[in-house]
$ cat entry_31.cif   # mmCIF, C-alpha atoms and all ligand atoms
data_final
#
loop_
_atom_site.group_PDB
_atom_site.id
_atom_site.type_symbol
_atom_site.label_atom_id
_atom_site.label_comp_id
_atom_site.auth_asym_id
_atom_site.auth_seq_id
_atom_site.Cartn_x
_atom_site.Cartn_y
_atom_site.Cartn_z
ATOM 1 C CA MET A 1 -13.859 -17.978 -0.069
ATOM 2 C CA LYS A 2 -10.557 -19.781 0.654
ATOM 3 C CA ALA A 3 -8.132 -18.489 3.326
ATOM 4 C CA ILE A 4 -6.176 -15.433 2.144
ATOM 5 C CA LYS A 5 -2.431 -16.032 2.497
ATOM 6 C CA LYS A 6 -1.026 -14.201 -0.523
ATOM 7 C CA ALA A 7 -0.658 -10.493 -1.204
ATOM 8 C CA ILE A 8 0.511 -8.446 -4.169
ATOM 9 C CA ILE A 9 2.417 -5.211 -3.632
ATOM 10 C CA PRO A 10 3.102 -3.397 -6.916
ATOM 11 C CA VAL A 11 6.239 -1.253 -6.766
ATOM 12 C CA ALA A 12 7.015 -0.865 -10.467
ATOM 13 C CA GLY A 13 5.631 2.662 -10.927
ATOM 14 C CA LEU A 14 7.987 5.397 -12.073
ATOM 15 C CA GLY A 15 7.379 7.670 -9.067
ATOM 16 C CA THR A 16 7.424 10.821 -11.182
ATOM 17 C CA ARG A 17 5.895 12.888 -8.356
ATOM 18 C CA PHE A 18 9.117 12.281 -6.447
ATOM 19 C CA LEU A 19 11.700 13.059 -9.120
ATOM 20 C CA PRO A 20 14.652 13.579 -9.053
ATOM 21 C CA ILE A 21 15.214 11.204 -6.057
ATOM 22 C CA THR A 22 13.244 8.396 -7.758
ATOM 23 C CA LYS A 23 15.631 8.417 -10.714
ATOM 24 C CA THR A 24 17.753 5.889 -8.794
ATOM 25 C CA ILE A 25 15.982 5.284 -5.463
ATOM 26 C CA PRO A 26 12.560 3.629 -5.536
ATOM 27 C CA LYS A 27 9.968 5.706 -3.686
ATOM 28 C CA GLU A 28 9.068 2.566 -1.710
ATOM 29 C CA MET A 29 12.563 2.671 -0.149
ATOM 30 C CA LEU A 30 12.303 6.282 1.048
ATOM 31 C CA PRO A 31 12.395 6.307 4.859
ATOM 32 C CA ILE A 32 9.525 7.000 7.194
ATOM 33 C CA VAL A 33 11.684 7.766 10.249
ATOM 34 C CA ASP A 34 14.012 4.713 10.176
ATOM 35 C CA LYS A 35 12.179 2.159 8.042
ATOM 36 C CA PRO A 36 11.497 2.163 4.306
ATOM 37 C CA ASN A 37 7.934 3.001 3.427
ATOM 38 C CA LEU A 38 7.495 -0.522 1.976
ATOM 39 C CA LEU A 39 8.283 -2.212 5.296
ATOM 40 C CA TYR A 40 5.242 -0.613 6.962
ATOM 41 C CA ILE A 41 3.110 -2.074 4.175
ATOM 42 C CA ILE A 42 4.643 -5.539 4.478
ATOM 43 C CA GLU A 43 4.151 -5.456 8.272
ATOM 44 C CA GLU A 44 0.486 -4.575 7.731
ATOM 45 C CA ALA A 45 0.051 -7.570 5.414
ATOM 46 C CA VAL A 46 1.933 -9.997 7.668
ATOM 47 C CA SER A 47 -0.118 -9.058 10.701
ATOM 48 C CA ALA A 48 -3.234 -9.870 8.627
ATOM 49 C CA GLY A 49 -1.969 -13.460 8.212
ATOM 50 C CA ILE A 50 -0.331 -13.046 4.793
ATOM 51 C CA GLU A 51 2.522 -15.524 4.221
ATOM 52 C CA ASP A 52 3.576 -14.906 0.598
ATOM 53 C CA ILE A 53 4.205 -11.396 -0.716
ATOM 54 C CA ILE A 54 4.541 -10.904 -4.436
ATOM 55 C CA LEU A 55 6.407 -7.704 -5.264
ATOM 56 C CA ILE A 56 5.835 -6.421 -8.777
ATOM 57 C CA GLN A 57 9.156 -4.789 -9.515
ATOM 58 C CA GLY A 58 10.423 -2.458 -12.203
ATOM 59 C CA ARG A 59 13.908 -1.436 -13.271
ATOM 60 C CA ASN A 60 16.105 0.342 -10.687
ATOM 61 C CA LYS A 61 14.363 -1.490 -7.871
ATOM 62 C CA ASN A 62 17.196 -3.876 -6.886
ATOM 63 C CA SER A 63 17.615 -2.133 -3.539
ATOM 64 C CA ILE A 64 14.192 -3.523 -2.561
ATOM 65 C CA GLU A 65 15.327 -7.135 -3.065
ATOM 66 C CA ASP A 66 18.619 -6.433 -1.282
ATOM 67 C CA PHE A 67 16.774 -5.011 1.708
ATOM 68 C CA PHE A 68 15.047 -8.345 2.362
ATOM 69 C CA ASP A 69 18.117 -10.467 1.604
ATOM 70 C CA VAL A 70 20.956 -11.636 3.875
ATOM 71 C CA SER A 71 23.671 -9.026 4.474
ATOM 72 C CA TYR A 72 26.618 -11.136 5.663
ATOM 73 C CA GLU A 73 29.083 -8.290 6.131
ATOM 74 C CA LEU A 74 26.721 -6.146 8.188
ATOM 75 C CA GLU A 75 25.557 -9.097 10.319
ATOM 76 C CA ASP A 76 29.173 -10.123 10.951
ATOM 77 C CA GLN A 77 30.087 -6.586 12.050
ATOM 78 C CA LEU A 78 27.084 -6.372 14.385
ATOM 79 C CA VAL A 79 28.076 -9.711 16.007
ATOM 80 C CA LYS A 80 31.667 -8.521 16.468
ATOM 81 C CA LYS A 81 30.455 -5.239 18.006
ATOM 82 C CA ASN A 82 28.002 -7.079 20.280
ATOM 83 C CA LYS A 83 25.055 -5.127 18.861
ATOM 84 C CA HIS A 84 22.529 -7.923 19.250
ATOM 85 C CA ASP A 85 19.408 -5.738 19.266
ATOM 86 C CA LEU A 86 20.300 -4.302 15.874
ATOM 87 C CA LEU A 87 21.305 -7.748 14.608
ATOM 88 C CA ASN A 88 17.908 -9.176 15.544
ATOM 89 C CA LYS A 89 16.132 -6.310 13.784
ATOM 90 C CA ILE A 90 18.079 -7.076 10.593
ATOM 91 C CA LYS A 91 17.508 -10.845 10.895
ATOM 92 C CA ASP A 92 13.757 -10.397 11.502
ATOM 93 C CA LEU A 93 13.447 -8.771 8.081
ATOM 94 C CA LYS A 94 14.418 -12.005 6.316
ATOM 95 C CA ASN A 95 12.021 -14.171 8.294
ATOM 96 C CA MET A 96 8.853 -12.079 8.193
ATOM 97 C CA CYS A 97 7.354 -13.761 5.121
ATOM 98 C CA ASN A 98 8.239 -15.215 1.724
ATOM 99 C CA ILE A 99 9.057 -12.441 -0.710
ATOM 100 C CA ILE A 100 8.624 -13.317 -4.371
ATOM 101 C CA SER A 101 9.669 -10.807 -7.033
ATOM 102 C CA ILE A 102 8.337 -10.474 -10.554
ATOM 103 C CA ARG A 103 9.442 -7.899 -13.121
ATOM 104 C CA GLN A 104 6.843 -5.747 -14.833
ATOM 105 C CA LYS A 105 8.947 -5.001 -17.890
ATOM 106 C CA GLN A 106 7.042 -1.826 -18.820
ATOM 107 C CA ALA A 107 5.005 0.396 -16.503
ATOM 108 C CA LEU A 108 1.746 -0.235 -18.385
ATOM 109 C CA GLY A 109 -0.489 0.606 -15.440
ATOM 110 C CA LEU A 110 -1.634 -0.794 -12.120
ATOM 111 C CA GLY A 111 -4.002 -3.293 -13.773
ATOM 112 C CA HIS A 112 -1.110 -4.708 -15.808
ATOM 113 C CA ALA A 113 1.119 -4.833 -12.697
ATOM 114 C CA VAL A 114 -1.485 -6.897 -10.826
ATOM 115 C CA PHE A 115 -1.962 -9.219 -13.808
ATOM 116 C CA CYS A 116 1.791 -10.005 -13.757
ATOM 117 C CA ALA A 117 1.214 -11.925 -10.482
ATOM 118 C CA GLN A 118 -1.356 -14.323 -11.921
ATOM 119 C CA PRO A 119 1.046 -17.288 -12.387
ATOM 120 C CA ILE A 120 1.849 -17.170 -8.660
ATOM 121 C CA ILE A 121 -1.594 -16.409 -7.260
ATOM 122 C CA GLY A 122 -3.388 -19.001 -9.438
ATOM 123 C CA ASP A 123 -6.998 -19.458 -8.329
ATOM 124 C CA ASN A 124 -6.484 -18.173 -4.785
ATOM 125 C CA PRO A 125 -8.057 -15.026 -3.390
ATOM 126 C CA PHE A 126 -5.455 -12.403 -2.545
ATOM 127 C CA ALA A 127 -4.872 -9.026 -0.920
ATOM 128 C CA LEU A 128 -3.503 -6.084 -2.904
ATOM 129 C CA LEU A 129 -1.674 -3.272 -1.121
ATOM 130 C CA LEU A 130 -0.365 -0.298 -3.079
ATOM 131 C CA GLY A 131 3.322 0.243 -2.472
ATOM 132 C CA ASP A 132 3.096 3.951 -1.697
ATOM 133 C CA GLU A 133 0.052 4.112 0.600
ATOM 134 C CA ILE A 134 0.716 3.683 4.315
ATOM 135 C CA MET A 135 -2.020 2.780 6.782
ATOM 136 C CA TYR A 136 -1.642 3.302 10.514
ATOM 137 C CA THR A 137 -3.708 1.394 13.059
ATOM 138 C CA ASP A 138 -2.966 1.316 16.799
ATOM 139 C CA GLU A 139 -2.035 -1.962 18.489
ATOM 140 C CA ASN A 140 -5.659 -2.636 19.554
ATOM 141 C CA THR A 141 -7.063 -2.341 16.028
ATOM 142 C CA PRO A 142 -6.694 -4.951 13.253
ATOM 143 C CA THR A 143 -4.704 -3.657 10.287
ATOM 144 C CA VAL A 144 -6.706 -2.338 7.334
ATOM 145 C CA THR A 145 -5.833 -5.456 5.304
ATOM 146 C CA LYS A 146 -7.072 -7.615 8.203
ATOM 147 C CA GLN A 147 -10.337 -5.594 8.305
ATOM 148 C CA LEU A 148 -10.821 -6.283 4.570
ATOM 149 C CA ILE A 149 -9.978 -9.984 4.848
ATOM 150 C CA THR A 150 -12.444 -10.432 7.721
ATOM 151 C CA HIS A 151 -15.214 -8.742 5.700
ATOM 152 C CA SER A 152 -14.429 -10.767 2.556
ATOM 153 C CA LEU A 153 -14.514 -14.070 4.412
ATOM 154 C CA ASP A 154 -17.621 -13.196 6.466
ATOM 155 C CA HIS A 155 -19.584 -12.145 3.368
ATOM 156 C CA ASN A 156 -17.836 -14.257 0.733
ATOM 157 C CA VAL A 157 -17.226 -11.255 -1.517
ATOM 158 C CA SER A 158 -14.277 -9.296 -2.949
ATOM 159 C CA THR A 159 -13.882 -6.173 -0.808
ATOM 160 C CA VAL A 160 -12.057 -2.862 -1.191
ATOM 161 C CA ALA A 161 -11.266 -0.160 1.345
ATOM 162 C CA THR A 162 -12.927 3.196 0.824
ATOM 163 C CA MET A 163 -12.829 6.619 2.482
ATOM 164 C CA HIS A 164 -14.719 9.903 2.160
ATOM 165 C CA VAL A 165 -12.685 12.677 0.502
ATOM 166 C CA PRO A 166 -13.406 16.390 -0.098
ATOM 167 C CA ALA A 167 -14.922 17.190 -3.536
ATOM 168 C CA GLU A 168 -11.771 19.058 -4.625
ATOM 169 C CA ASP A 169 -9.684 15.877 -4.138
ATOM 170 C CA VAL A 170 -11.738 13.345 -6.138
ATOM 171 C CA TYR A 171 -9.537 13.849 -9.225
ATOM 172 C CA LYS A 172 -6.663 12.087 -7.388
ATOM 173 C CA TYR A 173 -8.497 8.756 -6.836
ATOM 174 C CA GLY A 174 -10.625 5.968 -8.210
ATOM 175 C CA ILE A 175 -14.132 6.934 -7.038
ATOM 176 C CA ILE A 176 -16.962 4.434 -6.537
ATOM 177 C CA LYS A 177 -20.674 4.631 -7.266
ATOM 178 C CA THR A 178 -22.515 2.575 -4.649
ATOM 179 C CA ASP A 179 -25.656 1.317 -2.969
ATOM 180 C CA GLU A 180 -25.313 2.006 0.741
ATOM 181 C CA LEU A 181 -25.766 -1.220 2.747
ATOM 182 C CA SER A 182 -24.914 0.553 6.038
ATOM 183 C CA LYS A 183 -22.939 3.660 7.075
ATOM 184 C CA THR A 184 -19.685 1.678 6.664
ATOM 185 C CA ARG A 185 -20.562 -0.941 4.018
ATOM 186 C CA PHE A 186 -21.371 -0.363 0.330
ATOM 187 C CA LYS A 187 -22.214 -2.449 -2.733
ATOM 188 C CA VAL A 188 -19.997 -1.202 -5.576
ATOM 189 C CA LEU A 189 -21.923 -0.441 -8.786
ATOM 190 C CA ASP A 190 -19.296 1.429 -10.780
ATOM 191 C CA VAL A 191 -15.750 2.804 -10.476
ATOM 192 C CA VAL A 192 -14.532 5.984 -12.184
ATOM 193 C CA GLU A 193 -10.799 6.682 -12.405
ATOM 194 C CA LYS A 194 -9.783 10.196 -11.312
ATOM 195 C CA PRO A 195 -13.024 12.043 -12.229
ATOM 196 C CA ASN A 196 -13.542 15.818 -12.349
ATOM 197 C CA PRO A 197 -15.529 16.941 -9.267
ATOM 198 C CA GLU A 198 -18.615 17.691 -11.421
ATOM 199 C CA ASP A 199 -18.635 14.141 -12.910
ATOM 200 C CA SER A 200 -17.805 12.276 -9.697
ATOM 201 C CA PRO A 201 -20.355 9.616 -8.734
ATOM 202 C CA SER A 202 -19.691 10.115 -4.967
ATOM 203 C CA ASP A 203 -17.077 11.233 -2.444
ATOM 204 C CA LEU A 204 -15.979 7.621 -1.763
ATOM 205 C CA ALA A 205 -12.359 7.132 -2.834
ATOM 206 C CA LEU A 206 -10.200 4.001 -3.106
ATOM 207 C CA PRO A 207 -7.029 4.449 -1.036
ATOM 208 C CA GLY A 208 -5.118 1.366 -2.217
ATOM 209 C CA ARG A 209 -6.219 -1.657 -0.178
ATOM 210 C CA TYR A 210 -8.156 -4.502 -1.789
ATOM 211 C CA VAL A 211 -9.079 -8.175 -1.395
ATOM 212 C CA PHE A 212 -10.007 -9.938 -4.620
ATOM 213 C CA GLU A 213 -11.215 -13.342 -5.729
ATOM 214 C CA SER A 214 -8.976 -14.646 -8.521
ATOM 215 C CA ASP A 215 -11.725 -13.889 -11.105
ATOM 216 C CA ILE A 216 -10.292 -10.370 -11.302
ATOM 217 C CA PHE A 217 -7.486 -11.846 -13.470
ATOM 218 C CA SER A 218 -9.880 -12.927 -16.226
ATOM 219 C CA TYR A 219 -11.301 -9.388 -16.329
ATOM 220 C CA LEU A 220 -7.821 -7.833 -16.306
ATOM 221 C CA LYS A 221 -6.828 -10.065 -19.214
ATOM 222 C CA ASN A 222 -9.608 -8.530 -21.327
ATOM 223 C CA THR A 223 -9.081 -4.940 -20.167
ATOM 224 C CA LYS A 224 -7.951 -2.569 -22.915
ATOM 225 C CA PRO A 225 -5.719 0.418 -22.105
ATOM 226 C CA GLY A 226 -7.898 3.192 -20.614
ATOM 227 C CA LYS A 227 -7.094 6.586 -19.065
ATOM 228 C CA ASN A 228 -3.491 7.708 -19.905
ATOM 229 C CA GLY A 229 -3.045 4.608 -22.135
ATOM 230 C CA GLU A 230 -2.621 2.443 -18.997
ATOM 231 C CA ILE A 231 -4.356 -0.836 -18.176
ATOM 232 C CA GLN A 232 -6.514 0.353 -15.298
ATOM 233 C CA LEU A 233 -7.378 -1.878 -12.359
ATOM 234 C CA THR A 234 -10.566 0.149 -11.937
ATOM 235 C CA ASP A 235 -11.857 -0.966 -15.373
ATOM 236 C CA ALA A 236 -11.532 -4.646 -14.372
ATOM 237 C CA MET A 237 -13.156 -3.855 -11.011
ATOM 238 C CA VAL A 238 -16.238 -2.536 -12.816
ATOM 239 C CA THR A 239 -16.678 -5.896 -14.593
ATOM 240 C CA LEU A 240 -15.998 -7.787 -11.361
ATOM 241 C CA ALA A 241 -18.615 -5.665 -9.557
ATOM 242 C CA LYS A 242 -21.214 -6.367 -12.283
ATOM 243 C CA ASN A 243 -20.547 -10.120 -12.603
ATOM 244 C CA ASN A 244 -19.424 -11.379 -9.195
ATOM 245 C CA GLY A 245 -20.242 -8.576 -6.784
ATOM 246 C CA LEU A 246 -17.818 -6.234 -5.069
ATOM 247 C CA GLU A 247 -18.216 -4.463 -1.744
ATOM 248 C CA ALA A 248 -16.425 -1.513 -0.166
ATOM 249 C CA ILE A 249 -16.012 -0.799 3.532
ATOM 250 C CA THR A 250 -14.749 2.239 5.374
ATOM 251 C CA PHE A 251 -11.905 1.348 7.715
ATOM 252 C CA LYS A 252 -10.565 2.196 11.158
ATOM 253 C CA GLY A 253 -7.115 3.744 10.830
ATOM 254 C CA LEU A 254 -5.176 6.607 9.280
ATOM 255 C CA ARG A 255 -3.953 6.678 5.710
ATOM 256 C CA TYR A 256 -0.935 8.514 4.302
ATOM 257 C CA ASP A 257 -0.180 8.973 0.597
ATOM 258 C CA ALA A 258 3.567 8.480 0.869
ATOM 259 C CA GLY A 259 3.964 8.681 -2.928
ATOM 260 C CA ASP A 260 3.183 12.385 -2.711
ATOM 261 C CA LYS A 261 5.638 14.904 -1.202
ATOM 262 C CA PHE A 262 3.210 16.394 1.329
ATOM 263 C CA GLY A 263 1.771 12.988 2.339
ATOM 264 C CA PHE A 264 5.293 11.647 2.756
ATOM 265 C CA LEU A 265 6.242 14.525 5.089
ATOM 266 C CA GLN A 266 3.000 14.110 7.060
ATOM 267 C CA ALA A 267 3.746 10.403 7.509
ATOM 268 C CA ASN A 268 7.280 11.167 8.664
ATOM 269 C CA ILE A 269 6.141 13.737 11.225
ATOM 270 C CA GLU A 270 3.273 11.646 12.579
ATOM 271 C CA PHE A 271 5.241 8.369 12.801
ATOM 272 C CA ALA A 272 8.099 10.295 14.432
ATOM 273 C CA LEU A 273 5.628 11.705 16.993
ATOM 274 C CA ARG A 274 4.826 8.062 17.908
ATOM 275 C CA HIS A 275 8.470 6.927 17.950
ATOM 276 C CA PRO A 276 9.742 6.380 21.529
ATOM 277 C CA GLU A 277 13.292 7.494 20.678
ATOM 278 C CA ILE A 278 12.519 10.919 19.199
ATOM 279 C CA LYS A 279 8.906 11.849 19.937
ATOM 280 C CA GLU A 280 9.623 14.226 22.857
ATOM 281 C CA GLN A 281 12.461 15.966 21.051
ATOM 282 C CA LEU A 282 10.355 16.414 17.907
ATOM 283 C CA LYS A 283 7.321 17.647 19.855
ATOM 284 C CA LYS A 284 9.426 20.370 21.522
ATOM 285 C CA TYR A 285 10.953 21.320 18.184
ATOM 286 C CA LEU A 286 7.562 21.557 16.421
ATOM 287 C CA ILE A 287 6.057 23.693 19.211
ATOM 288 C CA LYS A 288 9.055 26.042 19.112
ATOM 289 C CA LYS A 289 9.034 26.193 15.320
ATOM 290 C CA SER A 290 5.290 26.793 15.066
ATOM 291 C CA LYS A 291 5.593 29.798 17.442
ATOM 292 C CA GLU A 292 8.306 31.221 15.180
ATOM 293 C CA LEU A 293 6.144 30.700 12.094
ATOM 294 C CA ILE A 294 2.953 32.320 13.426
HETATM 295 P P1 LIG B 1 0.952 5.451 -8.953
HETATM 296 O O1 LIG B 1 0.374 5.987 -10.203
HETATM 297 O O2 LIG B 1 0.637 6.133 -7.673
HETATM 298 O O3 LIG B 1 2.518 5.307 -8.997
HETATM 299 O O4 LIG B 1 0.596 3.908 -8.880
HETATM 300 P P2 LIG B 1 3.628 5.929 -9.890
HETATM 301 O O5 LIG B 1 3.277 5.831 -11.323
HETATM 302 O O6 LIG B 1 4.888 5.300 -9.446
HETATM 303 O O7 LIG B 1 3.644 7.428 -9.324
HETATM 304 P P3 LIG B 1 3.743 8.842 -10.007
HETATM 305 O O8 LIG B 1 2.307 9.279 -10.174
HETATM 306 O O9 LIG B 1 4.516 8.720 -11.291
HETATM 307 O O10 LIG B 1 4.477 9.668 -8.980
HETATM 308 C C1 LIG B 1 0.111 3.245 -7.715
HETATM 309 C C2 LIG B 1 0.942 2.030 -7.395
HETATM 310 O O11 LIG B 1 0.982 1.128 -8.503
HETATM 311 C C3 LIG B 1 2.326 0.834 -8.870
HETATM 312 C C4 LIG B 1 3.167 1.968 -8.277
HETATM 313 O O12 LIG B 1 4.470 1.501 -7.961
HETATM 314 C C5 LIG B 1 2.372 2.356 -7.034
HETATM 315 O O13 LIG B 1 2.725 1.553 -5.918
HETATM 316 N N1 LIG B 1 2.409 0.731 -10.333
HETATM 317 C C6 LIG B 1 1.844 1.693 -11.125
HETATM 318 C C7 LIG B 1 3.059 -0.345 -10.894
HETATM 319 O O14 LIG B 1 3.592 -1.238 -10.180
HETATM 320 N N2 LIG B 1 3.120 -0.441 -12.251
HETATM 321 C C8 LIG B 1 2.553 0.495 -13.065
HETATM 322 O O15 LIG B 1 2.636 0.331 -14.319
HETATM 323 C C9 LIG B 1 1.907 1.575 -12.479
#
$ encode --input "entry_31.cif" --output "structure tokens" --more "lines below"
Ligand code: UTP
Amino acid sequence: MKAIKKAIIPVAGLGTRFLPITKTIPKEMLPIVDKPNLLYIIEEAVSAGIEDIILIQGRNKNSIEDFFDVSYELEDQLVKKNKHDLLNKIKDLKNMCNIISIRQKQALGLGHAVFCAQPIIGDNPFALLLGDEIMYTDENTPTVTKQLITHSLDHNVSTVATMHVPAEDVYKYGIIKTDELSKTRFKVLDVVEKPNPEDSPSDLALPGRYVFESDIFSYLKNTKPGKNGEIQLTDAMVTLAKNNGLEAITFKGLRYDAGDKFGFLQANIEFALRHPEIKEQLKKYLIKKSKELI
């Protein structure tokens, strides 16, 4: 497999679970403490060696492009006020990686969103990171995308992240049927999108991190609309698994579903509890509040 330098982050979904705020503000721009959700995802990709990020955008998502663009007025004000730390933070955003935007003109599903990036990815392998799933790894652990890239290159195979979930939660995820190669490594045999617990092939869910060979595009091209009338990535993954092989690995790290209200609040609390500026204040507040609530 060639080196993996490109990543797709689809952000064109409608974010209905977060209405009404997502009527005008993309869920990927909602803050986790002081950074938009999407920035955590881009940082994860960049620290895995990704150089080009392809954002699949929808309507009402202009604030995402603006965030990574130059902001002359703000930079000028920060220079005049001698706020160089803040200025550097803002400037770093522009230089992290190349951001390339493509419009998905209709939200026809995740599979369709990924397919929109084909002209830019060409025949290169690529990483795919869902725009509303945040992964946390400490500074001594490679990011989840880096863990996937290492596995893909070592074994020359497309690789997806997987995690065990309780039976009552399988309906929220793509669930894989597998052959177990080790406790942490699986050969993917089938993928079922959001099954009922009684039909679920396993408890292994797909939390939104993938590394694919470019062959996935030819399978996406031939994928007909599936569940909910959307072009499902999971349907193309089934064909990829059967023809080229696909593996799944469990990962070191924590995952937050920031596209869901509860997951978003969990992410905010837990990232705040790691944030040097506010962690002590928040800890005291939570202890006090929890005593009041019990
Ligand atoms: P989700 O199904 O979680 O996102 O898609 P959504 O549709 O925005 O959310 P809800 O369920 O209505 O609240 C997973 C990811 O795929 C992107 C979304 O932006 C999200 O990052 N996506 C989904 C697209 O880019 N295009 C689509 O057509 C569908």
$ atom_distance --input "entry_31.cif" --atom1 "atom C6 of ligand LIG 1 (chain B)" --atom2 "atom CA of Ile100 of chain A"
17.8 Å
$ residues_near_ligand --input "entry_31.cif" --ligand "ligand LIG 1 (chain B)" --cutoff "10 Å" --atoms "all atoms listed in the file" --output "PyMOL selection string"
chain A and resi 8-19+22+26-28+38+55-58+103-114+116+129-133+172-173+207-208+230-233+257-261
$ resolve_selection --input "entry_31.cif" --expression "the PyMOL selection byres (((chain A and resi 91) around 12) and not hetatm)" --output "list of chain:residue names"
A:Phe67, A:Phe68, A:Asp69, A:Val70, A:Ser71, A:Tyr72, A:Leu74, A:Glu75, A:Asp76, A:Leu78, A:Val79, A:His84, A:Asp85, A:Leu86, A:Leu87, A:Asn88, A:Lys89, A:Ile90, A:Asp92, A:Leu93, A:Lys94, A:Asn95, A:Met96
$ write_last_selection --input "entry_31.cif" --atoms "C-alpha atoms" --output "mmCIF file, keeping the file's coordinate frame"
data_model
loop_
_atom_site.group_PDB
_atom_site.id
_atom_site.type_symbol
_atom_site.label_atom_id
_atom_site.label_comp_id
_atom_site.auth_asym_id
_atom_site.auth_seq_id
_atom_site.Cartn_x
_atom_site.Cartn_y
_atom_site.Cartn_z
ATOM 1 C CA PHE A 67 16.774 -5.011 1.708
ATOM 2 C CA PHE A 68 15.047 -8.345 2.362
ATOM 3 C CA ASP A 69 18.117 -10.467 1.604
ATOM 4 C CA VAL A 70 20.956 -11.636 3.875
ATOM 5 C CA SER A 71 23.671 -9.026 4.474
ATOM 6 C CA TYR A 72 26.618 -11.136 5.663
ATOM 7 C CA LEU A 74 26.721 -6.146 8.188
ATOM 8 C CA GLU A 75 25.557 -9.097 10.319
ATOM 9 C CA ASP A 76 29.173 -10.123 10.951
ATOM 10 C CA LEU A 78 27.084 -6.372 14.385
ATOM 11 C CA VAL A 79 28.076 -9.711 16.007
ATOM 12 C CA HIS A 84 22.529 -7.923 19.250
ATOM 13 C CA ASP A 85 19.408 -5.738 19.266
ATOM 14 C CA LEU A 86 20.300 -4.302 15.874
ATOM 15 C CA LEU A 87 21.305 -7.748 14.608
ATOM 16 C CA ASN A 88 17.908 -9.176 15.544
ATOM 17 C CA LYS A 89 16.132 -6.310 13.784
ATOM 18 C CA ILE A 90 18.079 -7.076 10.593
ATOM 19 C CA ASP A 92 13.757 -10.397 11.502
ATOM 20 C CA LEU A 93 13.447 -8.771 8.081
ATOM 21 C CA LYS A 94 14.418 -12.005 6.316
ATOM 22 C CA ASN A 95 12.021 -14.171 8.294
ATOM 23 C CA MET A 96 8.853 -12.079 8.193
#
$ resolve_selection --input "entry_31.cif" --expression "the PyMOL selection byres (((chain A and resi 146) around 8) and not hetatm)" --output "list in words"
Ala45, Ser47, Ala48, Gly49, Pro142, Thr143, Val144, Thr145, Gln147, Leu148, Ile149 and Thr150 of chain A
$ residues_around --input "entry_31.cif" --residues "segment 210-212 of chain A" --least-positions-apart "2" --cutoff "6 Å" --atoms "all atoms listed in the file" --output "PyMOL selection string"
chain A and resi 125-128+158-160
$ closest_residue --input "entry_31.cif" --among "A:Leu220, A:Ile54, A:Ala117, A:Val157" --to "Ala241 of chain A" --atoms "all atoms listed in the file"
A:Val157
$ resolve_selection --input "entry_31.cif" --expression "the PyMOL selection byres (((chain A and resi 248) around 8) and not hetatm)" --output "ChimeraX atom specification"
/A:159-162,185-188,246-247,249-250
$ write_last_selection --input "entry_31.cif" --atoms "C-alpha atoms" --output "mmCIF file, in the coordinates of the input"
data_model
loop_
_atom_site.group_PDB
_atom_site.id
_atom_site.type_symbol
_atom_site.label_atom_id
_atom_site.label_comp_id
_atom_site.auth_asym_id
_atom_site.auth_seq_id
_atom_site.Cartn_x
_atom_site.Cartn_y
_atom_site.Cartn_z
ATOM 1 C CA THR A 159 -13.882 -6.173 -0.808
ATOM 2 C CA VAL A 160 -12.057 -2.862 -1.191
ATOM 3 C CA ALA A 161 -11.266 -0.160 1.345
ATOM 4 C CA THR A 162 -12.927 3.196 0.824
ATOM 5 C CA ARG A 185 -20.562 -0.941 4.018
ATOM 6 C CA PHE A 186 -21.371 -0.363 0.330
ATOM 7 C CA LYS A 187 -22.214 -2.449 -2.733
ATOM 8 C CA VAL A 188 -19.997 -1.202 -5.576
ATOM 9 C CA LEU A 246 -17.818 -6.234 -5.069
ATOM 10 C CA GLU A 247 -18.216 -4.463 -1.744
ATOM 11 C CA ILE A 249 -16.012 -0.799 3.532
ATOM 12 C CA THR A 250 -14.749 2.239 5.374
#
$ closest_residue --input "entry_31.cif" --among "A:Glu180, A:Asp203, A:Glu280, A:Asp138" --to "Glu168 of chain A" --atoms "only C-alpha atoms"
A:Asp203
$ atom_distance --input "entry_31.cif" --atom1 "atom CA of Leu204 of chain A" --atom2 "atom CA of Tyr40 of chain A"
24.4 Å
$ residues_around --input "entry_31.cif" --residues "Met135 of chain A" --least-positions-apart "3" --cutoff "7 Å" --atoms "all atoms listed in the file" --output "PDB file with C-alpha atoms, in the frame of the given file"
ATOM      1  CA  VAL A 144      -6.706  -2.338   7.334  1.00  0.00           C
ATOM      2  CA  GLY A 253      -7.115   3.744  10.830  1.00  0.00           C
ATOM      3  CA  LEU A 254      -5.176   6.607   9.280  1.00  0.00           C
ATOM      4  CA  ARG A 255      -3.953   6.678   5.710  1.00  0.00           C
ATOM      5  CA  TYR A 256      -0.935   8.514   4.302  1.00  0.00           C
TER       6      TYR A 256
END
$ residues_around --input "entry_31.cif" --residues "Leu282 of chain A" --least-positions-apart "3" --cutoff "9 Å" --atoms "all atoms listed in the file" --output "ChimeraX atom specification"
/A:269,272-273,278-279,285-287
$ write_last_selection --input "entry_31.cif" --atoms "C-alpha atoms" --output "CSV table (one decimal), in the frame of the given file"
chain,number,residue,atom,x,y,z
A,269,ILE,CA,6.1,13.7,11.2
A,272,ALA,CA,8.1,10.3,14.4
A,273,LEU,CA,5.6,11.7,17.0
A,278,ILE,CA,12.5,10.9,19.2
A,279,LYS,CA,8.9,11.8,19.9
A,285,TYR,CA,11.0,21.3,18.2
A,286,LEU,CA,7.6,21.6,16.4
A,287,ILE,CA,6.1,23.7,19.2
$ atom_distance --input "entry_31.cif" --atom1 "atom CA of Ile121 of chain A" --atom2 "atom CA of Lys5 of chain A"
9.8 Å
$ closest_residue --input "entry_31.cif" --among "A:Asp34, A:Glu198, A:Asp52, A:Glu213" --to "Phe271 of chain A" --atoms "only C-alpha atoms"
A:Asp34
